[in-house]
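Single-structure report; data block below.
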Amino acid sequence: MDITGNTVFIPGATSGIGLGLALRLHAAGNTVIIGGRRAELLESIAAEHPGIHTVVIDTTDPSSIASAASSVLASHPSLNVLVAMAGIMLPENLRDPAFLEVAERTVVTNLLGPIRLVAAFEPALERQPSAAIITVTSGLAYVPLPATPTYSATKAAIHSFSDAMRVQLADTSVQVIELAPPATQTTLMNLDQNPHALPLDDFLDEVMQLLASQPDAEQILVERVKNQRFAEAEGRYASVLAAQSGRAN
C-alpha cells in the first residue's frame with residue numbers, strides 16, 4: 001500500500017487510534033472519510049480539521065453500514081482503502097451472569113462489524129487498480145488479557161479472518177493488512193491514564209513509518225507489540241499471560 005494518493009474510509013474514527021490515523025493519512029496526501037455514530041461530533045471534527053470528510057455510521061447496525069457504504073461510494077467513487085476498526089473493550093467477570101450482555105455486544109461490534117464492513121465495501125475495492133483492507137486487531141489477539149476475554153477473542157478472530165481473506169483475495173487488486181496495536185494511550189479501558197501504555201503519537205509515528213517502508217506488508221507490528229505477537233513461538237506465552245493477569249496490556 002502506498003501511503004499517499006488514496007481515498008480512505010475509516011469508520012469508528014472519532015477518537016483514539018482511528019482519528020489519529022485519519023489525520024496522519026490526510027496529512028500524507030490522502031482523501032480521508034471518517035465515520036461515527038454522532039453527527040455533531042463528526043461535524044466538530046470536520047470543522048477542526050478542514051479536508052476531512054465524514055459520514056454517520058453505526059457499525060453494529062447492518063442497515064446503517066449499507067446506507068453509509070452507498071453514501072461513501074457515491075460521493076467518493078475512487079475509494080480504494082477501507083480501515084475496518086470500530087471496537088469496544090470492556091471488562092467481564094465470567095462468574096457474573098451480567099457478563100453475557102457485554103460479551104454479545106463485544107462480538108457484534110468487534111467481529112460482526114468489521115465483517116459486515118468488508119462485505120459492504122470489498123466488491124467496490126476490487127474494481128480499483130490498487131486497493132487495501134486494513135483490519136485492526138491487537139496484541140491481545142495473540143495473548144489474551146484475562147480481564148477482557150471476549151475482546152481478546154474477537155481480536156484473535158479478526159486476525160484469523162484477515163489471514164483467510166488475504167488468501168481468498170490473493171488474485172485481486174486488494175491487499176489485506178493487519179494492524180496490531182499494543183496497549184496504547186487511548187480511552188479504551190482508561191489506557192490514556194496508564195503510564196505503561198505506548199503514547200498515541202509514538203504509536204502513530206511508528207505505524208506511518210512502517211507503512212511507508214513496507215508497502216507489501218501483511219502485518220504492521222510496532223516494536224512494543226512484538227512481545228505479545230511472538231510470545232507463543234518463542235516459548236513465552238505462559239509468562240506473558242501471567243503478566244497480563246496483573247495489569248491492562
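Within each chain, counting starts at residue 1; across the C-alpha cells, chains are named A, B, ... in the order shown, with ligands numbered 1 upward in that order.
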### Message
Taking the DSSP secondary structure from the backbone, can you list the residues of range 27-219 of chain A that are alpha helix (DSSP H), as a PyMOL selection string?
### Response
chain A and resi 27+39-48+62-75+99-107+113-126+149-168+200-213
### Task
Quick one: everything within 7 Å of range 157-164 of chain A, counting only C-alpha atoms, minus sequence neighbours fewer than 2 positions away in the same chain. Send it as number ranges by chain.
A: 111, 135, 137, 141, 153-155, 166-168, 176, 178
Kindly save the residues from that selection, with N, CA, C and O atoms included, as a PDB file, in the first residue's frame.
```pdb
ATOM      1  N   LEU A 111     -16.450  -8.024  15.968  1.00  0.00           N
ATOM      2  CA  LEU A 111     -16.301  -9.102  14.986  1.00  0.00           C
ATOM      3  C   LEU A 111     -17.284  -8.946  13.825  1.00  0.00           C
ATOM      4  O   LEU A 111     -16.880  -8.854  12.667  1.00  0.00           O
ATOM      5  N   THR A 135      -7.341  -4.331   8.569  1.00  0.00           N
ATOM      6  CA  THR A 135      -8.065  -4.746   9.764  1.00  0.00           C
ATOM      7  C   THR A 135      -7.243  -4.344  10.988  1.00  0.00           C
ATOM      8  O   THR A 135      -6.013  -4.264  10.917  1.00  0.00           O
ATOM      9  N   THR A 137      -6.434  -5.411  14.781  1.00  0.00           N
ATOM     10  CA  THR A 137      -6.553  -6.418  15.828  1.00  0.00           C
ATOM     11  C   THR A 137      -5.959  -5.852  17.121  1.00  0.00           C
ATOM     12  O   THR A 137      -6.332  -4.781  17.564  1.00  0.00           O
ATOM     13  N   ALA A 141      -4.789 -10.316  20.556  1.00  0.00           N
ATOM     14  CA  ALA A 141      -5.188 -11.401  19.660  1.00  0.00           C
ATOM     15  C   ALA A 141      -4.267 -12.599  19.826  1.00  0.00           C
ATOM     16  O   ALA A 141      -4.631 -13.728  19.473  1.00  0.00           O
ATOM     17  N   ALA A 153     -10.837 -12.436  22.399  1.00  0.00           N
ATOM     18  CA  ALA A 153     -11.289 -13.461  21.457  1.00  0.00           C
ATOM     19  C   ALA A 153     -11.702 -12.854  20.120  1.00  0.00           C
ATOM     20  O   ALA A 153     -11.421 -13.426  19.051  1.00  0.00           O
ATOM     21  N   THR A 154     -12.368 -11.701  20.156  1.00  0.00           N
ATOM     22  CA  THR A 154     -12.775 -11.074  18.888  1.00  0.00           C
ATOM     23  C   THR A 154     -11.560 -10.614  18.099  1.00  0.00           C
ATOM     24  O   THR A 154     -11.549 -10.689  16.862  1.00  0.00           O
ATOM     25  N   LYS A 155     -10.532 -10.149  18.771  1.00  0.00           N
ATOM     26  CA  LYS A 155      -9.330  -9.719  18.051  1.00  0.00           C
ATOM     27  C   LYS A 155      -8.586 -10.917  17.460  1.00  0.00           C
ATOM     28  O   LYS A 155      -8.037 -10.829  16.355  1.00  0.00           O
ATOM     29  N   ARG A 166      -6.973 -12.720   3.101  1.00  0.00           N
ATOM     30  CA  ARG A 166      -5.790 -12.448   2.276  1.00  0.00           C
ATOM     31  C   ARG A 166      -5.602 -13.547   1.227  1.00  0.00           C
ATOM     32  O   ARG A 166      -5.264 -13.268   0.074  1.00  0.00           O
ATOM     33  N   VAL A 167      -5.819 -14.783   1.619  1.00  0.00           N
ATOM     34  CA  VAL A 167      -5.681 -15.895   0.674  1.00  0.00           C
ATOM     35  C   VAL A 167      -6.776 -15.826  -0.390  1.00  0.00           C
ATOM     36  O   VAL A 167      -6.517 -15.980  -1.593  1.00  0.00           O
ATOM     37  N   GLN A 168      -8.006 -15.567   0.037  1.00  0.00           N
ATOM     38  CA  GLN A 168      -9.107 -15.522  -0.921  1.00  0.00           C
ATOM     39  C   GLN A 168      -8.960 -14.373  -1.921  1.00  0.00           C
ATOM     40  O   GLN A 168      -9.409 -14.486  -3.068  1.00  0.00           O
ATOM     41  N   VAL A 176      -4.491  -7.122   1.868  1.00  0.00           N
ATOM     42  CA  VAL A 176      -5.045  -7.227   3.223  1.00  0.00           C
ATOM     43  C   VAL A 176      -3.917  -7.016   4.221  1.00  0.00           C
ATOM     44  O   VAL A 176      -2.922  -7.751   4.220  1.00  0.00           O
ATOM     45  N   GLU A 178      -3.026  -6.388   8.336  1.00  0.00           N
ATOM     46  CA  GLU A 178      -3.466  -6.419   9.739  1.00  0.00           C
ATOM     47  C   GLU A 178      -2.609  -5.454  10.550  1.00  0.00           C
ATOM     48  O   GLU A 178      -1.383  -5.573  10.568  1.00  0.00           O
TER      49      GLU A 178
END
```
### Query
What gap, in Å, lies between CA of Glu43 in chain A and CA of Ile10 in chain A?
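Between CA of Glu43 in chain A and CA of Ile10 in chain A the gap works out to 15.5 Å.
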### Task
Could you find all residues in range 20-239 of chain A that DSSP calls strand (DSSP E) from the backbone, and write them as a list in words?
Thr31, Val32, Ile33, Ile34, Gly35, Gly36, His53, Thr54, Val55, Val56, Val81, Leu82, Val83, Ala84, Ala131, Ala132, Ile133, Ile134, Thr135, Val136, Val174, Gln175, Val176, Ile177, Glu178, Leu179, Gln219 and Ile220 of chain A
### Message
For range 219-221 of chain A, find every residue with an atom within 12 Å (counting only C-alpha atoms), except residues of its own chain fewer than 6 positions away, and show them as JSON, numbers by chain.
### Response
{"A": [1, 133, 134, 135, 136, 137, 138, 139, 159, 162, 163, 166, 175, 176, 177, 178, 179, 180, 181, 182, 203, 204, 206, 207, 208, 209, 210, 211, 212, 213, 227, 228, 229, 230]}
### Query
Near range 113-123 of chain A, counting only C-alpha atoms, which residues have an atom at most 8 Å away, once you skip same-chain residues fewer than 6 positions from it, shown as a VMD selection string?
chain A and resid 59 to 60 62 65 to 66 69 82 84 to 86 133 135
Output all heavy atoms of each residue in that selection to a file, as a compact mmCIF listing (two decimals), in the first residue's frame.
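Okay, this is what ended up in again_3.txt:
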```
# COMPACT_ATOMS: atom_id res chain seq x y z
N THR A 59 -21.66 0.80 13.22
CA THR A 59 -21.17 -0.48 12.71
C THR A 59 -21.82 -1.69 13.39
O THR A 59 -21.54 -2.83 13.03
CB THR A 59 -19.65 -0.59 12.83
OG1 THR A 59 -19.27 -0.46 14.20
CG2 THR A 59 -18.97 0.49 11.98
N THR A 60 -22.69 -1.45 14.39
CA THR A 60 -23.45 -2.55 14.97
C THR A 60 -24.78 -2.76 14.25
O THR A 60 -25.50 -3.71 14.56
CB THR A 60 -23.74 -2.31 16.47
OG1 THR A 60 -24.65 -1.21 16.61
CG2 THR A 60 -22.46 -2.03 17.23
N PRO A 62 -26.58 -3.36 10.60
CA PRO A 62 -26.36 -3.67 9.19
C PRO A 62 -26.96 -2.65 8.23
O PRO A 62 -26.36 -2.34 7.20
CB PRO A 62 -27.02 -5.05 9.02
CG PRO A 62 -27.01 -5.64 10.38
CD PRO A 62 -27.18 -4.49 11.33
N ILE A 65 -24.67 0.37 8.05
CA ILE A 65 -23.49 0.08 7.23
C ILE A 65 -23.84 0.17 5.76
O ILE A 65 -23.11 0.77 4.95
CB ILE A 65 -22.91 -1.30 7.59
CG1 ILE A 65 -22.30 -1.28 8.99
CG2 ILE A 65 -21.86 -1.72 6.56
CD1 ILE A 65 -21.81 -2.62 9.47
N ALA A 66 -24.96 -0.43 5.36
CA ALA A 66 -25.37 -0.40 3.96
C ALA A 66 -25.62 1.02 3.49
O ALA A 66 -25.20 1.40 2.38
CB ALA A 66 -26.63 -1.26 3.77
N ALA A 69 -22.24 2.86 3.23
CA ALA A 69 -21.48 2.38 2.08
C ALA A 69 -22.01 3.01 0.79
O ALA A 69 -21.23 3.45 -0.06
CB ALA A 69 -21.55 0.86 1.99
N LEU A 82 -10.12 0.64 2.87
CA LEU A 82 -11.04 0.54 3.99
C LEU A 82 -10.24 0.16 5.23
O LEU A 82 -9.48 -0.81 5.20
CB LEU A 82 -12.10 -0.54 3.73
CG LEU A 82 -12.96 -0.95 4.93
CD1 LEU A 82 -13.90 0.18 5.34
CD2 LEU A 82 -13.75 -2.23 4.62
N ALA A 84 -11.06 -1.15 8.72
CA ALA A 84 -12.17 -1.71 9.50
C ALA A 84 -11.75 -1.82 10.95
O ALA A 84 -11.12 -2.79 11.35
CB ALA A 84 -12.57 -3.08 8.94
N MET A 85 -12.12 -0.81 11.76
CA MET A 85 -11.52 -0.77 13.09
C MET A 85 -12.45 -0.45 14.25
O MET A 85 -12.01 -0.42 15.39
CB MET A 85 -10.38 0.25 13.09
CG MET A 85 -10.80 1.69 13.00
SD MET A 85 -9.46 2.74 13.60
CE MET A 85 -9.26 2.14 15.26
N ALA A 86 -13.70 -0.20 14.04
CA ALA A 86 -14.56 0.16 15.17
C ALA A 86 -14.57 -0.95 16.21
O ALA A 86 -14.65 -2.13 15.87
CB ALA A 86 -15.98 0.44 14.68
N ILE A 133 -7.52 -3.42 2.31
CA ILE A 133 -8.36 -3.52 3.51
C ILE A 133 -7.41 -3.65 4.69
O ILE A 133 -6.58 -4.56 4.73
CB ILE A 133 -9.29 -4.74 3.45
CG1 ILE A 133 -10.30 -4.60 2.31
CG2 ILE A 133 -10.02 -4.91 4.79
CD1 ILE A 133 -11.13 -5.85 2.07
N THR A 135 -7.34 -4.33 8.57
CA THR A 135 -8.07 -4.75 9.76
C THR A 135 -7.24 -4.34 10.99
O THR A 135 -6.01 -4.26 10.92
CB THR A 135 -8.31 -6.27 9.77
OG1 THR A 135 -7.04 -6.94 9.70
CG2 THR A 135 -9.17 -6.68 8.60
```
So that each row is one residue of range 102-179 of chain A with an atom at most 12 Å from range 188-193 of chain A, can you give its shortest atom pair and the distance in Å to one decimal, using only C-alpha atoms, rows by chain and rising number, as a Markdown table?
```
| residue | atom | partner | partner_atom | distance |
| --- | --- | --- | --- | --- |
| A:Leu145 | CA | A:Met189 | CA | 11.7 |
| A:Ala147 | CA | A:Met189 | CA | 10.4 |
| A:Thr148 | CA | A:Met189 | CA | 9.7 |
| A:Tyr151 | CA | A:Leu188 | CA | 11.2 |
```
### Query
Near Gln244 in chain A, counting only C-alpha atoms, which residues have an atom at most 12 Å away, once you skip same-chain residues fewer than 3 positions from it, shown as JSON, numbers by chain?
{"A": [139, 140, 142, 143, 144, 145, 146, 147, 148, 149, 152, 183, 227, 228, 237, 238, 239, 240, 241, 247, 248, 249]}
#### Entry: One-decimal distance in Å that lies between CA of Ser245 in chain A and CA of Ala98 in chain A
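CA of Ser245 in chain A lies at a distance of 21.1 Å from CA of Ala98 in chain A.
Minimum atom-to-atom distances from A:Ser15, A:Ser75, A:Asn6, A:Thr109 to Gly36 in chain A were compared using only C-alpha atoms, and the lowest value belongs to A:Ser15.
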### Query
Using only C-alpha atoms, which residue out of A:Ala243, A:Leu200, A:Ala131, A:Val81 lies closest to Leu19 in chain A?
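Of the candidates, the smallest distance to Leu19 in chain A is held by A:Leu200.
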### Query
Got a sec: who's within 12 Å of Asp205 in chain A, counting only C-alpha atoms, leaving out chain neighbours fewer than 6 positions off, as a PyMOL selection string?
chain A and resi 17+20-21+23-25+198-199+211-212+222-223
Could you write out the selected residues, including C-alpha atoms, as a tab-separated table (two decimals), in the first residue's frame?
```
chain	number	residue	atom	x	y	z
A	17	ILE	CA	-6.17	5.39	17.07
A	20	GLY	CA	-5.09	9.76	14.84
A	21	LEU	CA	-4.59	7.50	11.83
A	23	LEU	CA	-5.27	12.75	10.47
A	24	ARG	CA	-1.88	11.21	9.68
A	25	LEU	CA	-3.15	9.74	6.40
A	198	LEU	CA	2.52	3.46	24.44
A	199	PRO	CA	1.82	7.17	23.82
A	211	LEU	CA	3.52	1.62	6.16
A	212	ALA	CA	5.92	3.77	4.14
A	222	VAL	CA	5.23	-1.72	16.10
A	223	GLU	CA	8.15	-2.79	18.28
```
